[in-house]
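Notes follow the structure.
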Amino acid sequence: MAQKNERNQEASVYIGNLDDRATDELIWELMVQAGPVVNVHLPKDRVTQSTQGYGFCEFQSAEDADYAVKIMNMVKLFGKPMRVNKSANDRRLLDVGAKLFIGNLDPDVDEKLLFDTFAAFGPLVQNPKIARDAASGNSKGFAFVAYASFEAADLAVEGMNGQYLANKPVSVNYAFKKDAKGERHGSAAERLLAAQARKNDPASVTPHPTPAGDDGSSESSGKLSVWALEGSIKIRCHHFMFLTLRCEEVRQLYDVFATMKHLACVDSIDRLYAFSHREAVEGGAWTWGVYDPVEEFGRMGVGSGVGEFWRFTDINRGFALCPTYPPVLVVPAKISDTTLSYAAKYRSKCRLPVLCYLHPNRASMTRSSQPMVGLKQARSVQDEKLVEAILASSEPLGSAPRFNYERSNIIIDARPTTNAVVNRAVGAGSENMEHYKRCRKVYLGIDNIHVMRDALNRVVEAIESTGDSGVVARIQAARTGWLGHIENILVGVKTIVLAIDAGHHVVVHCSDGWDRTAQLTSLAQLCLDPYYRTIRGFAVLVEKEWVSFGHQFSLRCGHSGHPERFKVSRAKRQAADSAESTPVVEESERAEEAGGGYEFSMFGRFATKALRGVQSRITSAIQAASENLEDVDDPDPFLAEYPELQAKYERPTANGGNGFKFGRTKHDHETSPVFQQFLECVYQLWVQHPTMFEFNEVLLLDLFYHLHSAQFGTFLGNCARERSGFAGGTSSVWTWVWGQLQGDKYLNPLYGEDEPRRVVVPDPGFIQYWSALFSCHDPTLKKDEEAKSSENLN
């Protein structure tokens with residue numbers, strides 16, 4: 001991997017704060033997760049040949065480099081968080097003294113979490129520094145963060161002081177100066193010096209460019225009326241509804257924008273719509289108690305009959321063992337709770353292997369997270385005994401094995417092989433099969449949440465390019481790669497179904513065991529057990545595999561919203577004779593001089609709450625948003641009047657767009673359509689086997705809609721522990737589903753109850769584009785349209 005003479009700066013990233021043990025090969029293997037790598041170079045000392053703590057990585061394209069910066073920055077390698085940014089932009093920002101002290105930190109808070117949290121308020125001069133014990137490396141409970149401007153630091157103090165970070169309220173204030181006893185940073189003198197530095201070198205301290213005209217100069221105040229006529233608010237909803245709002249006055253345009261932003265971005269989960277909504281229908285058992293673990297696993301035979309080798313345990317009572325697992329777990333009967341407590345420490349997030357399904361032929365399906373193998377190939381005897389007991393659970397004590405277990409029982413690692421290997425560098429990895437007998441391991445190659453999010457973005461771009469029709473051509477759908485990911489998931493499901501149906505045991509995990517693992521285990525059970533193909537059984541399946549086992553609904557769906565999702569960009573003026581040109585101003589010459597308008601873009605869960613409540617609360621919210629505006633000294637007249645837009649301004653791209661995509665901000669890097677993919681896989685199974693499901697497509701579409709509506713508490717929170725705190729204050733989505741069952745809305749007329757209760761095997765070669773999902777299924781709009789139609793008929 002010799003250094004090339006000419007390196008593509010735009011496609012290269014700088015990697016800093018590297019450990020001495022980092023090598024070219026390890027960096028190559030780590031960075032290839034973001035995209036194809038062309039070259040890796042770690043400068044070495046000429047005498048000692050040791051690395052100097054930094055290096056460069058060149059990708060094939062600038063987009064891959066941008067993606068690497070997004071997902072690799074602050075990732076720990078050998079216990080040190082790497083600094084990853086674009087080589088072309090690797091000029092350190094001027095340190096103006098905007099340094100903050102963060103106290104009362106939880107021991108679990110690391111540099112990456114601090115970076116992701118505090119970089120929301122503005123660019124950082126350097127990576128956050130956590131004070132650590134020199135011997136143990138443990139956090140001392142405080143850290144320092146330095147901003148490039150006092151404005152960003154003030155926002156961080158105001159927004160984060162007293163807020164909870166990893167379950168502990170942190171204190172945020174300006175740090176004391178080293179050379180002045182008792183004096184803190186942020187004094188008037190420092191702010192004056194920073195203002196002077198901004199005048200001398202604006203690029204070093206100004207993170208966001210101010211709007212400029214076509215000639216590079218600021219727009220004159222006389223052109224505000226032109227911007228008002230050209231401005232619009234573009235909204236992209238999670239359920240693929242695209243809206244454009246226009247206003248005659250720029251003040252009115254911003255008021256609506258600020259109002260919707262105020263309604264969408266909440267600082268606490270109890271401000272979501274679910275806590276003010278109450279479902280009128282009384283669902284009886286179809287409420288929060290639709291799933292009872294003892295009853296459900298008892299139905300499978302746990303504790304007697306085919307399940308005599310399994311037992312219930314309350315070792316996780318009060319979420320003491322694993323905070324993201326349910327309180328009641330099912331484990332092999334011959335494994336003690338003491339062994340379980342030690343085995344949990346070897347698995348990521350303490351998510352040890354536990355039973356999720358027991359087939360009538362005694363074959364089991366268990367789920368877990370990845371083992372903490374690391375570069376030193378660590379092992380756990382307790383974890384090995386637990387897996388061995390799982391694989392031997394169908395054989396009576398002392399009997400000869402029925403199968404050749406080396407070829408029959410399977411440990412499923414849902415990740416690509418490279419991803420699993422690279423995770424060793426951060427202390428995790430995959431099982432060493434020399435220590436796990438009676439089974440083999442299979443990698444499924446299902447990509448991570450970031451790849452899935454990007455694929456969905458490409459689908460959205462394809463939908464937007466179709467105009468009003470919304471019909472995506474087959475070749476467009478193929479280019480997005482979305483259906484290829486659905487196919488990969490179903491290939492994995494087929495592997496699991498065939499193995500269990502043949503009487504073999506399967507252990508399933510990915511990285512943390514709450515995304516790809518939940519997809520595979522729930523879909524496999526749907527194929528294996530006809531009970532889960534009924535409406536009631538499907539509700540139990542979702543509650544068991546997704547809700548109780550800790551899928552991070554709020555994190556993956558971005559329920560709370562964030563101001564970074566609201567973008568302001570300069571809309572490029574299109575030709576006057578274009579069929580899609582923006583409205584023309586009174587004088588064409590003035591319109592030519594203007595060049596375009598301000599375009600506001602927003603998306604997400606707020607489409608349900610904000611659009612529904614905006615009519616009744618628009619006046620008060622506009623007034624509240626207006627009172628929060630503060631005047632700043634800015635040469636641009638638009639931003640002088642509306643300073644909140646300053647930090648959200650983006651220069652237009654070459655094609656006039658603003659480059660805004662779902663989940664592209666650093667605060668949305670954990671969002672991903674994981675549960676949506678599960679519903680789409682269920683749809684594919686329903687299409688392939690139309691007589692085997694009691695429910696129809698409408699149920700899946702409604703569940704997807706309410707996944708983002710924040711109307712019910714079922715899909716809020718990130719684990720059962722969080723959900724237990726607010727379940728009583730919200731309604732369950734299954735109460736609403738039960739209310740819909742009074743008619744035949746969800747019933748499949750082709751369902752044959754008398755048909756043999758056979759196993760459903762997926763066909764990965766037969767995948768369809770789910771046009772109903774990507775054509776904006778909105779039950780609330782449909783209900784309004786039906787009401788209007790009935791009124792017209794009367």
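Chain identifiers are assigned as A, B, and so on, following the order in which chains appear in the structure tokens; residues are numbered from 1 within each chain, and ligands are numbered from 1 in order of appearance.
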Write out as JSON lines a residue-level contact list of segment 482-501 of chain A versus segment 684-705 of chain A with cut-off 10 Å: for each qualifying residue the closest pair of atoms and the distance in Å to one decimal, counting only C-alpha atoms, rows sorted by chain and residue number upward.
```
{"residue": "A:Ile486", "atom": "CA", "partner": "A:Gln684", "partner_atom": "CA", "distance": 8.9}
{"residue": "A:Glu487", "atom": "CA", "partner": "A:Gln684", "partner_atom": "CA", "distance": 9.6}
{"residue": "A:Leu490", "atom": "CA", "partner": "A:Gln684", "partner_atom": "CA", "distance": 9.0}
```
Same residues, N, CA, C and O atoms, saved as a compact mmCIF listing (two decimals), in the first residue's frame:
```txt
# COMPACT_ATOMS: atom_id res chain seq x y z
N ILE A 486 -33.90 -6.28 0.66
CA ILE A 486 -35.05 -7.11 1.05
C ILE A 486 -34.79 -8.57 0.68
O ILE A 486 -35.07 -9.49 1.47
N GLU A 487 -34.21 -8.79 -0.48
CA GLU A 487 -33.88 -10.15 -0.91
C GLU A 487 -32.87 -10.80 0.03
O GLU A 487 -33.01 -11.98 0.40
N LEU A 490 -34.55 -11.99 3.20
CA LEU A 490 -35.36 -13.19 2.99
C LEU A 490 -34.49 -14.42 2.75
O LEU A 490 -34.90 -15.54 3.10
```
TODO: Per DSSP on the backbone, filter segment 11-48 of chain A down to the residues in alpha helix (DSSP H) and report them as a count of residues only.
DONE: 8
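Minimum atom-to-atom distances from A:Arg757, A:Arg479, A:His505, A:Arg379 to Leu528 of chain A were compared using only C-alpha atoms, and the lowest value belongs to A:Arg757.
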Open item on the list: Here is a test: counting only C-alpha atoms, which residue of A:Val47, A:Lys70, A:Ala344, A:Phe142 is nearest to Asp116 of chain A?
Closed with: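 Residue with the minimum atom-to-atom distance to Asp116 of chain A: A:Lys70.
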Open item on the list: Give me the residues near segment 52-55 of chain A as a list in words, where near means some atom within 6 Å (using only C-alpha atoms) and where sequence neighbours in that chain fewer than 3 positions away do not count.
Closed with: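 Once the nearby chain positions are removed, what remains is Ile15, Gly16, Asn17, Leu18, His41, Leu42 and Lys44 of chain A.
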Could the residues in this selection be saved with N, CA, C and O atoms as a short mmCIF file (atom, residue, chain, number, x, y, z; two decimals), in the first residue's frame?
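Result went into out_8.cif, see below:
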```
data_model
loop_
_atom_site.label_atom_id
_atom_site.label_comp_id
_atom_site.auth_asym_id
_atom_site.auth_seq_id
_atom_site.Cartn_x
_atom_site.Cartn_y
_atom_site.Cartn_z
N ILE A 15 -7.03 11.01 9.10
CA ILE A 15 -7.34 10.19 10.27
C ILE A 15 -6.33 10.53 11.35
O ILE A 15 -5.12 10.29 11.19
N GLY A 16 -6.78 11.12 12.43
CA GLY A 16 -5.90 11.53 13.51
C GLY A 16 -6.16 10.79 14.80
O GLY A 16 -7.11 10.00 14.92
N ASN A 17 -5.29 11.04 15.79
CA ASN A 17 -5.37 10.42 17.12
C ASN A 17 -5.30 8.90 17.04
O ASN A 17 -6.02 8.19 17.73
N LEU A 18 -4.42 8.39 16.18
CA LEU A 18 -4.29 6.95 16.01
C LEU A 18 -3.33 6.37 17.05
O LEU A 18 -2.34 7.00 17.44
N HIS A 41 -2.30 5.58 3.73
CA HIS A 41 -0.91 5.96 4.03
C HIS A 41 -0.81 6.46 5.46
O HIS A 41 -1.50 7.41 5.85
N LEU A 42 0.02 5.78 6.25
CA LEU A 42 0.32 6.21 7.62
C LEU A 42 1.78 6.63 7.67
O LEU A 42 2.67 5.77 7.59
N LYS A 44 5.47 7.34 8.74
CA LYS A 44 6.26 6.67 9.77
C LYS A 44 7.55 7.44 10.02
O LYS A 44 8.08 8.13 9.14
#
```
Task: Distance criterion (only C-alpha atoms): nearest to Glu464 of chain A out of A:Asn432, A:Ser12, A:Asn409, A:Ser775 - done: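 When distances to Glu464 of chain A are compared using only C-alpha atoms, the smallest one comes from A:Ser775.
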- [ ] From a DSSP pass on the backbone, collect the residues of segment 256-324 of chain A flagged as strand (DSSP E or B) and hand them back as a PyMOL selection string.
- [x] chain A and resi 302+307+310-313
Output all heavy atoms for every residue in the selection just made, as a PDB file, in the first residue's frame.
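Listed below is the output, out_20.pdb:
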```pdb
ATOM      1  N   VAL A 302     -42.798 -24.623  26.755  1.00  0.00           N
ATOM      2  CA  VAL A 302     -41.698 -24.425  27.692  1.00  0.00           C
ATOM      3  C   VAL A 302     -42.106 -24.899  29.087  1.00  0.00           C
ATOM      4  O   VAL A 302     -43.170 -24.538  29.586  1.00  0.00           O
ATOM      5  CB  VAL A 302     -41.274 -22.937  27.734  1.00  0.00           C
ATOM      6  CG1 VAL A 302     -40.297 -22.697  28.874  1.00  0.00           C
ATOM      7  CG2 VAL A 302     -40.662 -22.532  26.412  1.00  0.00           C
ATOM      8  N   GLY A 307     -40.803 -28.762  25.639  1.00  0.00           N
ATOM      9  CA  GLY A 307     -39.968 -27.732  26.234  1.00  0.00           C
ATOM     10  C   GLY A 307     -39.451 -28.062  27.607  1.00  0.00           C
ATOM     11  O   GLY A 307     -39.160 -27.175  28.406  1.00  0.00           O
ATOM     12  N   TRP A 310     -36.156 -26.484  28.968  1.00  0.00           N
ATOM     13  CA  TRP A 310     -36.096 -25.028  29.091  1.00  0.00           C
ATOM     14  C   TRP A 310     -36.804 -24.592  30.365  1.00  0.00           C
ATOM     15  O   TRP A 310     -37.691 -25.289  30.865  1.00  0.00           O
ATOM     16  CB  TRP A 310     -36.746 -24.355  27.879  1.00  0.00           C
ATOM     17  CG  TRP A 310     -36.066 -24.675  26.576  1.00  0.00           C
ATOM     18  CD1 TRP A 310     -36.329 -25.730  25.745  1.00  0.00           C
ATOM     19  CD2 TRP A 310     -34.993 -23.958  25.980  1.00  0.00           C
ATOM     20  NE1 TRP A 310     -35.506 -25.712  24.663  1.00  0.00           N
ATOM     21  CE2 TRP A 310     -34.667 -24.628  24.767  1.00  0.00           C
ATOM     22  CE3 TRP A 310     -34.276 -22.810  26.324  1.00  0.00           C
ATOM     23  CZ2 TRP A 310     -33.653 -24.193  23.923  1.00  0.00           C
ATOM     24  CZ3 TRP A 310     -33.271 -22.372  25.480  1.00  0.00           C
ATOM     25  CH2 TRP A 310     -32.965 -23.059  24.307  1.00  0.00           C
ATOM     26  N   ARG A 311     -36.436 -23.425  30.877  1.00  0.00           N
ATOM     27  CA  ARG A 311     -37.050 -22.908  32.095  1.00  0.00           C
ATOM     28  C   ARG A 311     -37.150 -21.384  32.033  1.00  0.00           C
ATOM     29  O   ARG A 311     -36.424 -20.724  31.277  1.00  0.00           O
ATOM     30  CB  ARG A 311     -36.225 -23.293  33.327  1.00  0.00           C
ATOM     31  CG  ARG A 311     -34.867 -22.581  33.414  1.00  0.00           C
ATOM     32  CD  ARG A 311     -34.106 -22.956  34.675  1.00  0.00           C
ATOM     33  NE  ARG A 311     -32.788 -22.316  34.743  1.00  0.00           N
ATOM     34  CZ  ARG A 311     -32.561 -21.136  35.307  1.00  0.00           C
ATOM     35  NH1 ARG A 311     -33.570 -20.456  35.857  1.00  0.00           N
ATOM     36  NH2 ARG A 311     -31.341 -20.616  35.334  1.00  0.00           N
ATOM     37  N   PHE A 312     -38.078 -20.844  32.810  1.00  0.00           N
ATOM     38  CA  PHE A 312     -38.198 -19.397  32.971  1.00  0.00           C
ATOM     39  C   PHE A 312     -37.216 -18.928  34.047  1.00  0.00           C
ATOM     40  O   PHE A 312     -36.953 -19.657  35.014  1.00  0.00           O
ATOM     41  CB  PHE A 312     -39.614 -19.004  33.387  1.00  0.00           C
ATOM     42  CG  PHE A 312     -40.654 -19.216  32.314  1.00  0.00           C
ATOM     43  CD1 PHE A 312     -41.457 -20.351  32.325  1.00  0.00           C
ATOM     44  CD2 PHE A 312     -40.820 -18.290  31.299  1.00  0.00           C
ATOM     45  CE1 PHE A 312     -42.409 -20.551  31.346  1.00  0.00           C
ATOM     46  CE2 PHE A 312     -41.774 -18.483  30.316  1.00  0.00           C
ATOM     47  CZ  PHE A 312     -42.568 -19.613  30.325  1.00  0.00           C
ATOM     48  N   THR A 313     -36.701 -17.723  33.870  1.00  0.00           N
ATOM     49  CA  THR A 313     -35.840 -17.134  34.887  1.00  0.00           C
ATOM     50  C   THR A 313     -36.177 -15.655  35.037  1.00  0.00           C
ATOM     51  O   THR A 313     -36.513 -14.986  34.054  1.00  0.00           O
ATOM     52  CB  THR A 313     -34.347 -17.281  34.526  1.00  0.00           C
ATOM     53  OG1 THR A 313     -33.557 -16.594  35.505  1.00  0.00           O
ATOM     54  CG2 THR A 313     -34.047 -16.679  33.161  1.00  0.00           C
TER      55      THR A 313
END
```
